[in-house]
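> Sending over target39.cif (mmCIF, C-alpha atoms).
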data_final
#
loop_
_atom_site.label_atom_id
_atom_site.label_comp_id
_atom_site.auth_asym_id
_atom_site.auth_seq_id
_atom_site.Cartn_x
_atom_site.Cartn_y
_atom_site.Cartn_z
CA MET A 8 13.71 -22.48 -3.28
CA ALA A 9 15.46 -22.74 -6.65
CA THR A 10 18.18 -20.21 -7.37
CA VAL A 11 16.80 -17.14 -9.15
CA SER A 12 18.48 -14.13 -10.71
CA LEU A 13 18.08 -10.72 -9.03
CA GLU A 14 15.93 -9.65 -12.00
CA GLN A 15 13.51 -12.55 -11.37
CA GLU A 16 13.63 -11.96 -7.62
CA ILE A 17 12.55 -8.32 -7.90
CA ASN A 18 9.84 -8.92 -10.53
CA PRO A 19 6.76 -8.01 -8.44
CA TRP A 20 4.38 -10.24 -10.41
CA GLU A 21 6.62 -13.30 -10.01
CA ALA A 22 7.03 -12.53 -6.28
CA GLN A 23 3.25 -12.32 -5.88
CA GLU A 24 2.75 -15.57 -7.83
CA ALA A 25 5.31 -17.43 -5.70
CA ARG A 26 3.50 -16.46 -2.48
CA PHE A 27 0.06 -17.16 -3.96
CA ASP A 28 1.10 -20.63 -5.18
CA PHE A 29 2.64 -21.54 -1.82
CA ALA A 30 -0.44 -20.40 0.13
CA ALA A 31 -2.86 -22.05 -2.34
CA ARG A 32 -0.96 -25.34 -2.01
CA LYS A 33 -1.16 -25.13 1.79
CA LEU A 34 -4.92 -24.58 1.49
CA ASN A 35 -5.35 -27.49 -0.94
CA LEU A 36 -7.19 -25.03 -3.19
CA GLU A 37 -9.04 -26.77 -6.00
CA GLU A 38 -7.50 -26.42 -9.45
CA ASN A 39 -10.33 -24.39 -11.03
CA LEU A 40 -10.16 -21.72 -8.32
CA TRP A 41 -6.36 -21.77 -8.45
CA LYS A 42 -6.44 -20.98 -12.19
CA LEU A 43 -9.08 -18.28 -11.71
CA LEU A 44 -7.38 -16.45 -8.83
CA ARG A 45 -3.88 -16.65 -10.31
CA THR A 46 -4.92 -14.56 -13.33
CA PRO A 47 -6.09 -10.91 -13.41
CA GLN A 48 -9.65 -10.55 -14.69
CA ARG A 49 -9.02 -7.51 -16.88
CA GLU A 50 -5.96 -5.55 -18.04
CA ILE A 51 -6.45 -2.21 -19.76
CA ILE A 52 -3.58 -0.46 -21.58
CA VAL A 53 -4.25 3.00 -23.01
CA HIS A 54 -2.07 5.34 -25.09
CA PHE A 55 -3.28 8.92 -25.10
CA PRO A 56 -2.19 12.46 -26.09
CA VAL A 57 -1.65 15.39 -23.71
CA THR A 58 -0.94 18.99 -24.70
CA MET A 59 2.15 20.16 -22.81
CA ASP A 60 2.81 23.72 -21.66
CA ASP A 61 5.03 24.41 -24.68
CA GLY A 62 2.16 23.56 -27.05
CA GLN A 63 3.63 20.19 -28.08
CA VAL A 64 1.49 17.06 -27.85
CA ASP A 65 3.15 14.17 -25.97
CA MET A 66 1.90 10.57 -25.91
CA PHE A 67 1.50 8.78 -22.57
CA THR A 68 0.83 5.14 -21.67
CA GLY A 69 -1.50 4.22 -18.81
CA PHE A 70 -2.70 0.99 -17.21
CA ARG A 71 -5.64 -0.21 -15.14
CA VAL A 72 -5.68 -3.84 -13.99
CA GLN A 73 -8.64 -5.43 -12.23
CA HIS A 74 -7.53 -8.64 -10.58
CA SER A 75 -10.76 -9.82 -8.93
CA ILE A 76 -14.18 -8.30 -8.35
CA ALA A 77 -15.71 -11.39 -6.73
CA ARG A 78 -16.21 -9.71 -3.34
CA GLY A 79 -17.15 -6.24 -4.59
CA PRO A 80 -15.92 -3.37 -6.81
CA GLY A 81 -12.23 -3.19 -7.67
CA LYS A 82 -10.21 -1.00 -5.28
CA GLY A 83 -6.73 0.32 -5.76
CA GLY A 84 -4.51 3.32 -6.27
CA ILE A 85 -3.19 5.07 -9.36
CA ARG A 86 0.54 5.81 -9.45
CA TYR A 87 2.52 8.20 -11.63
CA SER A 88 6.12 7.15 -12.23
CA PRO A 89 8.62 6.73 -15.08
CA ASP A 90 9.11 3.12 -13.87
CA VAL A 91 5.48 1.93 -13.97
CA THR A 92 5.14 -1.43 -15.79
CA LEU A 93 2.22 -3.71 -16.51
CA ASN A 94 3.83 -6.43 -14.34
CA GLU A 95 4.07 -4.03 -11.41
CA VAL A 96 0.44 -2.90 -11.78
CA ARG A 97 -0.67 -6.55 -12.11
CA ALA A 98 1.10 -7.49 -8.89
CA LEU A 99 -0.28 -4.47 -7.02
CA ALA A 100 -3.83 -5.27 -8.22
CA SER A 101 -3.59 -8.84 -6.92
CA TRP A 102 -2.12 -7.60 -3.61
CA MET A 103 -5.17 -5.35 -3.31
CA THR A 104 -7.47 -8.37 -3.71
CA TRP A 105 -5.70 -10.11 -0.81
CA LYS A 106 -5.43 -6.93 1.26
CA CYS A 107 -9.17 -6.23 1.08
CA ALA A 108 -9.91 -9.88 1.93
CA VAL A 109 -7.49 -9.94 4.90
CA VAL A 110 -9.32 -7.02 6.53
CA ASN A 111 -12.64 -8.47 5.31
CA ILE A 112 -14.01 -5.43 3.48
CA PRO A 113 -16.28 -5.88 0.41
CA PHE A 114 -13.85 -4.85 -2.33
CA GLY A 115 -11.80 -6.69 -4.93
CA GLY A 116 -8.35 -5.72 -6.14
CA ALA A 117 -7.37 -3.24 -8.85
CA LYS A 118 -4.51 -0.87 -9.59
CA GLY A 119 -3.57 1.77 -12.14
CA GLY A 120 -0.61 3.76 -13.31
CA VAL A 121 0.71 6.18 -15.93
CA ILE A 122 4.29 6.19 -17.21
CA CYS A 123 5.42 9.79 -16.73
CA GLU A 124 7.92 12.05 -14.93
CA PRO A 125 5.52 13.78 -12.47
CA LYS A 126 8.27 15.83 -10.78
CA LYS A 127 9.15 17.41 -14.15
CA MET A 128 5.54 18.24 -15.05
CA SER A 129 3.62 21.42 -14.19
CA GLN A 130 0.33 21.36 -12.31
CA GLY A 131 -1.50 22.12 -15.57
CA GLU A 132 0.20 19.23 -17.40
CA LEU A 133 -0.60 16.84 -14.56
CA GLU A 134 -4.25 17.92 -14.60
CA ARG A 135 -4.59 17.49 -18.38
CA MET A 136 -2.88 14.09 -18.24
CA THR A 137 -5.08 12.94 -15.33
CA ARG A 138 -8.30 14.02 -17.04
CA ARG A 139 -7.35 12.39 -20.34
CA TYR A 140 -6.29 9.15 -18.63
CA THR A 141 -9.61 9.14 -16.73
CA SER A 142 -11.58 9.58 -19.96
CA GLU A 143 -9.70 6.61 -21.49
CA ILE A 144 -10.63 4.21 -18.66
CA ILE A 145 -14.02 5.76 -17.85
CA ASP A 146 -16.06 2.74 -19.01
CA PHE A 147 -14.22 0.52 -16.55
CA ILE A 148 -14.39 2.59 -13.34
CA GLY A 149 -17.32 3.67 -11.17
CA PRO A 150 -18.73 3.27 -7.63
CA GLU A 151 -20.03 -0.24 -8.42
CA LYS A 152 -17.18 -1.24 -10.77
CA ASP A 153 -13.76 -0.01 -9.69
CA VAL A 154 -12.89 2.78 -7.25
CA PRO A 155 -9.40 4.36 -7.67
CA ALA A 156 -7.41 6.07 -4.91
CA PRO A 157 -4.10 7.96 -4.53
CA ASP A 158 -0.80 6.11 -4.69
CA MET A 159 2.81 7.03 -5.49
CA ASN A 160 3.03 10.64 -6.80
CA THR A 161 -0.76 11.12 -6.77
CA ASP A 162 -2.81 12.81 -4.04
CA SER A 163 -6.21 14.26 -3.09
CA GLN A 164 -5.95 16.84 -5.90
CA THR A 165 -5.45 14.04 -8.46
CA MET A 166 -8.56 12.32 -7.09
CA ALA A 167 -10.54 15.58 -7.31
CA TRP A 168 -9.65 15.82 -11.05
CA ILE A 169 -10.67 12.20 -11.65
CA MET A 170 -13.94 12.67 -9.76
CA ASP A 171 -14.72 15.87 -11.68
CA THR A 172 -13.89 14.32 -15.09
CA TYR A 173 -16.02 11.25 -14.35
CA SER A 174 -18.87 13.46 -13.08
CA MET A 175 -18.76 15.65 -16.23
CA HIS A 176 -19.14 12.55 -18.41
CA MET A 177 -22.01 11.21 -16.25
CA GLY A 178 -23.82 14.57 -16.17
CA HIS A 179 -24.04 14.68 -12.36
CA THR A 180 -21.64 14.68 -9.40
CA VAL A 181 -20.44 11.21 -8.43
CA THR A 182 -18.27 11.57 -5.32
CA SER A 183 -17.99 7.80 -4.70
CA VAL A 184 -16.04 7.08 -7.92
CA VAL A 185 -12.72 7.64 -6.07
CA THR A 186 -11.48 7.77 -2.49
CA GLY A 187 -8.74 9.91 -0.98
CA LYS A 188 -10.48 13.12 -2.09
CA PRO A 189 -10.34 16.48 -0.24
CA VAL A 190 -12.75 16.42 2.72
CA ASN A 191 -14.92 19.27 1.38
CA ILE A 192 -15.81 17.30 -1.79
CA GLY A 193 -16.67 13.98 -0.21
CA GLY A 194 -13.39 12.87 1.33
CA SER A 195 -13.26 11.23 4.73
CA ARG A 196 -11.73 12.64 7.87
CA GLY A 197 -8.76 10.52 8.95
CA ARG A 198 -8.06 9.24 5.42
CA VAL A 199 -4.76 11.09 4.86
CA GLU A 200 -3.18 9.64 8.03
CA ALA A 201 -4.92 6.25 7.74
CA THR A 202 -2.09 4.11 6.30
CA GLY A 203 0.46 5.50 8.79
CA HIS A 204 -2.09 5.16 11.60
CA GLY A 205 -2.71 1.54 10.59
CA ILE A 206 1.04 0.82 10.76
CA GLN A 207 1.11 2.23 14.29
CA VAL A 208 -1.81 -0.06 15.27
CA ILE A 209 -0.06 -3.13 13.79
CA CYS A 210 3.19 -2.18 15.58
CA ASP A 211 1.22 -1.89 18.86
CA GLU A 212 -0.36 -5.32 18.28
CA SER A 213 3.02 -6.86 17.41
CA MET A 214 4.52 -5.49 20.62
CA ARG A 215 1.61 -6.87 22.63
CA TYR A 216 1.87 -10.30 20.99
CA LEU A 217 5.66 -10.48 21.42
CA LYS A 218 5.43 -9.09 24.99
CA MET A 219 7.78 -6.21 24.16
CA ASN A 220 7.60 -2.67 25.58
CA ILE A 221 6.52 0.27 23.43
CA ASP A 222 8.31 2.85 25.60
CA GLY A 223 11.77 3.41 24.18
CA CYS A 224 11.30 0.76 21.45
CA ARG A 225 13.77 1.77 18.69
CA VAL A 226 12.27 2.22 15.22
CA VAL A 227 13.84 2.85 11.80
CA ILE A 228 11.53 4.09 9.02
CA GLN A 229 12.62 3.82 5.40
CA GLY A 230 10.57 6.30 3.35
CA PHE A 231 9.26 9.61 4.71
CA GLY A 232 6.35 10.32 2.37
CA ASN A 233 2.72 10.33 3.50
CA VAL A 234 2.87 6.80 4.96
CA GLY A 235 6.27 6.93 6.67
CA SER A 236 5.91 10.46 8.06
CA ASN A 237 2.46 9.84 9.56
CA ALA A 238 3.59 6.52 11.04
CA ALA A 239 6.68 8.23 12.51
CA ARG A 240 4.69 11.07 14.09
CA LEU A 241 1.97 8.84 15.55
CA MET A 242 4.47 6.29 16.84
CA MET A 243 6.65 8.95 18.49
CA GLU A 244 3.51 10.28 20.22
CA ARG A 245 2.83 6.70 21.46
CA GLY A 246 6.28 6.44 23.06
CA TYR A 247 8.31 4.70 20.36
CA LYS A 248 11.81 6.10 19.77
CA ILE A 249 12.34 6.89 16.07
CA ILE A 250 16.13 6.51 15.73
CA GLY A 251 16.37 6.56 11.92
CA VAL A 252 14.50 7.98 8.94
CA SER A 253 15.53 7.72 5.30
CA GLU A 254 14.45 8.97 1.89
CA LEU A 255 15.74 8.35 -1.62
CA GLU A 256 18.41 11.04 -1.35
CA GLY A 257 19.72 9.94 2.08
CA GLY A 258 18.85 9.39 5.70
CA LEU A 259 19.14 10.66 9.27
CA SER A 260 19.87 8.92 12.55
CA ASN A 261 19.88 9.82 16.23
CA PRO A 262 20.24 7.06 18.86
CA ASN A 263 18.37 9.26 21.37
CA GLY A 264 15.40 9.62 19.01
CA ILE A 265 14.47 12.13 16.31
CA ASP A 266 11.87 14.80 17.09
CA ILE A 267 9.43 14.02 14.27
CA HIS A 268 7.38 17.20 14.81
CA GLN A 269 10.49 19.30 14.20
CA LEU A 270 11.53 17.13 11.24
CA LEU A 271 8.09 17.50 9.61
CA GLU A 272 8.29 21.27 10.05
CA TYR A 273 11.80 21.26 8.52
CA LYS A 274 10.69 19.12 5.58
CA SER A 275 7.66 21.32 4.81
CA ARG A 276 9.96 24.39 4.71
CA ASN A 277 12.84 22.83 2.76
CA ASN A 278 11.16 20.00 0.81
CA THR A 279 13.85 17.57 2.04
CA ILE A 280 14.93 15.93 5.30
CA LEU A 281 18.62 16.47 4.47
CA GLY A 282 20.31 19.17 6.54
CA PHE A 283 18.04 18.68 9.57
CA ARG A 284 20.15 19.50 12.63
CA GLY A 285 18.38 17.19 15.10
CA ALA A 286 20.05 14.08 13.62
CA GLU A 287 23.20 12.89 11.86
CA PRO A 288 23.26 12.29 8.09
CA THR A 289 23.40 8.52 7.51
CA PRO A 290 23.25 6.54 4.24
CA SER A 291 19.85 4.90 3.68
CA GLU A 292 21.42 1.45 3.09
CA GLU A 293 23.13 1.69 6.49
CA LEU A 294 19.86 2.54 8.24
CA MET A 295 18.16 -0.53 6.74
CA VAL A 296 20.61 -2.80 8.55
CA SER A 297 21.05 -0.78 11.76
CA ASP A 298 20.34 -2.20 15.22
CA CYS A 299 16.68 -1.59 16.17
CA GLU A 300 13.55 -3.33 17.40
CA ILE A 301 11.25 -2.35 14.50
CA LEU A 302 12.10 -1.69 10.85
CA ILE A 303 9.34 -0.12 8.72
CA PRO A 304 10.06 -0.20 4.95
CA ALA A 305 7.56 2.44 3.75
CA ALA A 306 8.86 3.52 0.34
CA THR A 307 8.63 1.21 -2.71
CA GLU A 308 8.92 -2.45 -3.70
CA ASN A 309 12.06 -4.60 -3.34
CA MET A 310 13.83 -2.79 -0.53
CA ILE A 311 14.67 -6.04 1.29
CA THR A 312 16.25 -8.58 -1.08
CA SER A 313 18.73 -11.46 -0.96
CA ARG A 314 21.47 -8.80 -1.02
CA ASN A 315 20.67 -7.23 2.35
CA ALA A 316 18.21 -9.53 4.19
CA ASP A 317 20.92 -11.45 6.06
CA GLN A 318 22.32 -8.16 7.45
CA ILE A 319 19.01 -6.91 8.90
CA ARG A 320 19.14 -6.68 12.70
CA ALA A 321 15.58 -5.61 13.47
CA ARG A 322 13.48 -7.90 15.67
CA VAL A 323 10.25 -6.94 13.87
CA ILE A 324 9.52 -5.75 10.32
CA VAL A 325 6.21 -3.98 9.64
CA GLU A 326 5.74 -3.35 5.91
CA GLY A 327 4.41 0.11 5.12
CA ALA A 328 5.08 -0.15 1.37
CA ASN A 329 3.58 -2.68 -1.05
CA GLY A 330 5.95 -5.55 -1.83
CA PRO A 331 9.05 -4.24 -0.01
CA THR A 332 10.37 -7.76 0.65
CA THR A 333 11.16 -10.33 -2.06
CA ALA A 334 10.17 -13.99 -1.70
CA VAL A 335 13.86 -15.01 -1.47
CA ALA A 336 14.45 -12.44 1.29
CA ASP A 337 11.43 -13.84 3.15
CA GLU A 338 13.18 -17.18 3.55
CA ILE A 339 16.31 -15.47 4.92
CA LEU A 340 14.26 -13.41 7.41
CA ALA A 341 12.40 -16.56 8.53
CA LYS A 342 15.71 -18.33 9.28
CA LYS A 343 16.74 -15.28 11.34
CA ARG A 344 13.40 -15.56 13.22
CA ILE A 345 12.44 -11.97 12.41
CA PHE A 346 8.74 -11.32 13.05
CA VAL A 347 7.34 -9.90 9.77
CA MET A 348 3.95 -8.21 9.51
CA PRO A 349 3.20 -8.36 5.76
CA ASP A 350 2.09 -5.44 3.60
CA ILE A 351 -1.35 -6.91 2.89
CA LEU A 352 -2.16 -6.45 6.59
CA ALA A 353 0.33 -3.81 7.83
CA ASN A 354 -0.61 -1.06 5.35
CA ALA A 355 -4.31 -1.95 5.08
CA GLY A 356 -5.33 1.07 7.18
CA GLY A 357 -5.47 3.12 3.96
CA VAL A 358 -7.88 0.84 2.12
CA THR A 359 -9.99 0.41 5.28
CA ALA A 360 -10.42 4.19 5.57
CA SER A 361 -11.07 4.31 1.80
CA TYR A 362 -13.88 1.82 2.32
CA PHE A 363 -15.32 4.13 5.00
CA GLU A 364 -15.07 7.08 2.58
CA TRP A 365 -16.93 5.12 -0.12
CA VAL A 366 -19.64 4.16 2.41
CA GLN A 367 -20.00 7.79 3.58
CA ASP A 368 -20.23 9.08 -0.01
CA ARG A 369 -22.95 6.59 -0.83
CA GLN A 370 -24.86 7.46 2.35
CA GLY A 371 -24.33 11.20 1.94
CA TYR A 372 -23.59 11.25 5.66
CA PHE A 373 -20.10 11.87 7.07
CA TRP A 374 -18.54 10.59 10.28
CA LYS A 375 -16.37 12.32 12.87
CA GLU A 376 -12.66 11.52 12.74
CA ASP A 377 -12.77 9.69 16.09
CA LEU A 378 -15.36 7.28 14.70
CA VAL A 379 -13.29 6.64 11.53
CA ASN A 380 -10.20 5.91 13.63
CA GLU A 381 -12.04 3.75 16.15
CA ARG A 382 -13.64 1.58 13.44
CA MET A 383 -10.36 1.25 11.55
CA GLU A 384 -8.47 0.21 14.69
CA ASP A 385 -11.12 -2.42 15.48
CA ILE A 386 -10.84 -3.94 11.98
CA LEU A 387 -7.02 -4.01 12.03
CA ARG A 388 -6.80 -5.53 15.52
CA GLU A 389 -9.29 -8.22 14.58
CA SER A 390 -7.41 -8.92 11.32
CA PHE A 391 -4.08 -9.12 13.19
CA ASP A 392 -5.56 -11.77 15.50
CA ASP A 393 -7.02 -13.68 12.50
CA VAL A 394 -3.61 -13.78 10.78
CA ILE A 395 -1.77 -14.87 13.94
CA ARG A 396 -4.34 -17.65 14.51
CA TYR A 397 -3.86 -18.85 10.91
CA ALA A 398 -0.06 -18.77 11.29
CA GLU A 399 -0.20 -20.82 14.48
CA ALA A 400 -2.82 -23.29 13.19
CA HIS A 401 -0.99 -24.00 9.90
CA ASN A 402 2.58 -23.55 11.19
CA VAL A 403 3.45 -20.93 8.55
CA ASN A 404 4.90 -17.41 8.73
CA ASN A 405 2.65 -14.35 8.99
CA ARG A 406 2.83 -13.51 5.26
CA ILE A 407 1.73 -16.96 4.12
CA ALA A 408 -0.93 -16.96 6.86
CA ALA A 409 -2.29 -13.63 5.57
CA TYR A 410 -2.33 -14.96 2.00
CA MET A 411 -4.06 -18.18 3.10
CA LEU A 412 -6.71 -16.25 5.03
CA ALA A 413 -7.31 -13.91 2.07
CA ILE A 414 -7.37 -16.63 -0.59
CA ASP A 415 -9.73 -18.70 1.58
CA ARG A 416 -12.17 -15.78 1.87
CA VAL A 417 -12.14 -14.97 -1.86
CA ALA A 418 -12.42 -18.67 -2.81
CA TYR A 419 -15.35 -19.11 -0.41
CA THR A 420 -17.20 -16.24 -2.11
CA ILE A 421 -16.53 -17.65 -5.61
CA ARG A 422 -17.75 -21.10 -4.56
CA GLN A 423 -20.98 -19.48 -3.34
CA ARG A 424 -21.40 -17.43 -6.51
CA GLY A 425 -20.28 -20.19 -8.87
CA ILE A 426 -17.96 -19.85 -11.86
CA TYR A 427 -19.72 -18.45 -14.96
CA ALA A 428 -17.73 -20.44 -17.52
#
Mind turning this structure into structure tokens?

Amino acid sequence: MATVSLEQEINPWEAQEARFDFAARKLNLEENLWKLLRTPQREIIVHFPVTMDDGQVDMFTGFRVQHSIARGPGKGGIRYSPDVTLNEVRALASWMTWKCAVVNIPFGGAKGGVICEPKKMSQGELERMTRRYTSEIIDFIGPEKDVPAPDMNTDSQTMAWIMDTYSMHMGHTVTSVVTGKPVNIGGSRGRVEATGHGIQVICDESMRYLKMNIDGCRVVIQGFGNVGSNAARLMMERGYKIIGVSELEGGLSNPNGIDIHQLLEYKSRNNTILGFRGAEPTPSEELMVSDCEILIPAATENMITSRNADQIRARVIVEGANGPTTAVADEILAKKRIFVMPDILANAGGVTASYFEWVQDRQGYFWKEDLVNERMEDILRESFDDVIRYAEAHNVNNRIAAYMLAIDRVAYTIRQRGIYA
């Protein structure tokens, strides 16, 4: 690979393009489909006013990108962050296309975001901003068009506001416009834990494939939000030993294993993991390169780059976050023979459970949590086997295999439908 600057390396859109191009070349994808799938179908940028608590009106910028709707409605989260960019949302939308195709559910890829400082905003300001953003993109979302979900700094309450705003404009309640809602207004049981649960399933499958033992297997989890904390709890209950956990402000380690139940209780009381007495304070950067069997980057993009990839000592990496590893870092990890389960498969438990929520809303009939979990596990295990088969058949790593499988499925659908040009 040609030498690239760190700025180019961590540009999520360029990272996505590099992987797409490599996989498309391996597939001998025809030029017309290559052009079509390399470009997002629609990019919406909105600038809108919100009345703040002090009576001032502030202007906000929001995005919604729909990458492909060939296989079904767009599907993808909405994130609130001061760092949201169009390039980031573009990349995340395309990853959603491939993620939905890897697990073979009938959605395309979309993503949204608003540039804001959510931690500095009151609940009232967040509600007014969410409702106004929803009204700005309302013509482009809907159960048959594009179905948003929670993402960074958004949650079930955010989805309830979006659903209510959309329903007010339509004149009747439309629960299936978003997923990740509270259970009593059309949410699905098992949805909150789904991404973390999916990571646990993919870790189990990786251990089985590599003939490694789960009992006592040492795990480091970077990021202790919804995804990382649920993965940690479920994996500890399965017999994995969680020896390190980190957040933005710092991390914790204990070679004998951290009691995740106690840590979750501590975090809910103190709103931080720092100061927890069942583990030693350890810098997050140190935990990333500590000796362990499984490393789970479950925070944000670009956590594993050319700057730290050669120091990573994990045997297996299971990506809980979207885009945590750069394309340059991928090459370094491959040379080290680290077994990587890519984000578009590893964290697909969330979108799979979202699909179940959408189905239940449209049926008006809701499933028991055991059924949601059982069906999700079946889909992820089958998808794991599909990716491994592709990797072995084409002699590529798991990430490129997942991209090839996904691109092949989307391209097959477009060939059947034809290109309206």
> Of the candidates A:Leu302, A:Met242, A:Met177, A:Ala360, which shows the shortest atom-to-atom distance to Leu387 in chain A, using only C-alpha atoms?
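Counting only C-alpha atoms, the residue closest to Leu387 in chain A is A:Ala360.
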> Write out as a PyMOL selection string the residues lying within 7 Å of range 23-32 of chain A, counting only C-alpha atoms and excluding same-chain residues fewer than 6 positions away.
chain A and resi 98+407+410-411
> Using the chain letters and residue numbers of this document, give as a list of chain:residue names the residues selected by the PyMOL selection byres ((chain A and resi 112) around 10).
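So the PyMOL selection byres ((chain A and resi 112) around 10) ends up selecting A:Arg78, A:Gly79, A:Lys106, A:Cys107, A:Ala108, A:Val109, A:Val110, A:Asn111, A:Pro113, A:Phe114, A:Gly115, A:Val358, A:Thr359, A:Tyr362, A:Phe363, A:Ile386.
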> Which neighbours of Gln269 in chain A fall inside 12 Å, counting all atoms listed in the file, when residues of the same chain fewer than 6 positions from it are skipped, and could you give them as number ranges by chain?
A: 236, 239-240, 243, 275-276, 280, 283-286
> Calculate how many Å separate CA of Arg416 in chain A from CA of Met214 in chain A, rounding to one decimal.
27.1 Å
> Mind checking which residues fall within 7 Å of Val335 in chain A, counting all atoms listed in the file, ignoring those fewer than 6 positions away in the same chain, and posting them as a PyMOL selection string?
chain A and resi 16+312-313
> Could you write out as JSON the box around range 129-143 of chain A (axis-aligned, all atoms listed in the file, 3 Å on each side), with centre and edge lengths in Å to one decimal?

{"center_x": -4.0, "center_y": 14.4, "center_z": -16.9, "size_x": 21.2, "size_y": 21.5, "size_z": 15.2}
> Write out as a ChimeraX atom specification each polymer residue whose atoms come within 8 Å of Ala328 in chain A, counting all atoms listed in the file; drop sequence neighbours fewer than 3 positions from it.
/A:304-308,331,350,354
> If you apply the PyMOL selection byres ((chain A and resi 167-172) around 8) to this file, what residues do you get, as a list in words?
Glu134, Thr137, Arg138, Thr141, Ser142, Ser163, Gln164, Thr165, Met166, Tyr173, Ser174, Met175, His176, Thr180, Val181, Thr182, Val184, Val185, Lys188, Pro189 and Ile192 of chain A
> Where does the PyMOL selection byres ((chain A and resi 116) around 8) land in this file, that is, which residues does it pick, as a list of chain:residue names?
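Listing what the PyMOL selection byres ((chain A and resi 116) around 8) selects in the shown file: A:Gln73, A:His74, A:Ser75, A:Ile76, A:Pro80, A:Gly81, A:Lys82, A:Gly83, A:Ala100, A:Ser101, A:Trp102, A:Met103, A:Thr104, A:Trp105, A:Cys107, A:Phe114, A:Gly115, A:Ala117, A:Lys118.
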> Those residues with C-alpha atoms, as a PDB file, in the frame of the given file please?

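Generated file (out_30.pdb):
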ATOM      1  CA  GLN A  73      -8.640  -5.430 -12.230  1.00  0.00           C
ATOM      2  CA  HIS A  74      -7.530  -8.640 -10.580  1.00  0.00           C
ATOM      3  CA  SER A  75     -10.760  -9.820  -8.930  1.00  0.00           C
ATOM      4  CA  ILE A  76     -14.180  -8.300  -8.350  1.00  0.00           C
ATOM      5  CA  PRO A  80     -15.920  -3.370  -6.810  1.00  0.00           C
ATOM      6  CA  GLY A  81     -12.230  -3.190  -7.670  1.00  0.00           C
ATOM      7  CA  LYS A  82     -10.210  -1.000  -5.280  1.00  0.00           C
ATOM      8  CA  GLY A  83      -6.730   0.320  -5.760  1.00  0.00           C
ATOM      9  CA  ALA A 100      -3.830  -5.270  -8.220  1.00  0.00           C
ATOM     10  CA  SER A 101      -3.590  -8.840  -6.920  1.00  0.00           C
ATOM     11  CA  TRP A 102      -2.120  -7.600  -3.610  1.00  0.00           C
ATOM     12  CA  MET A 103      -5.170  -5.350  -3.310  1.00  0.00           C
ATOM     13  CA  THR A 104      -7.470  -8.370  -3.710  1.00  0.00           C
ATOM     14  CA  TRP A 105      -5.700 -10.110  -0.810  1.00  0.00           C
ATOM     15  CA  CYS A 107      -9.170  -6.230   1.080  1.00  0.00           C
ATOM     16  CA  PHE A 114     -13.850  -4.850  -2.330  1.00  0.00           C
ATOM     17  CA  GLY A 115     -11.800  -6.690  -4.930  1.00  0.00           C
ATOM     18  CA  ALA A 117      -7.370  -3.240  -8.850  1.00  0.00           C
ATOM     19  CA  LYS A 118      -4.510  -0.870  -9.590  1.00  0.00           C
TER      20      LYS A 118
END
> I'd like to know which of A:Asp162, A:Glu292, A:Asp393, A:Asp337 is closest to Tyr87 in chain A, using all atoms listed in the file.
A:Asp162
> If I take CA of Leu271 in chain A and CA of Thr289 in chain A, how far is one from the other in Å, to one decimal?
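So the two atoms, CA of Leu271 in chain A and CA of Thr289 in chain A, lie 17.9 Å apart.
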> Would you mind telling me which residue in A:Lys218, A:Ile324, A:Leu44, A:Tyr273 lies nearest to Ile421 in chain A when using only C-alpha atoms?
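Comparing A:Lys218, A:Ile324, A:Leu44, A:Tyr273 against Ile421 in chain A, the winner is A:Leu44.
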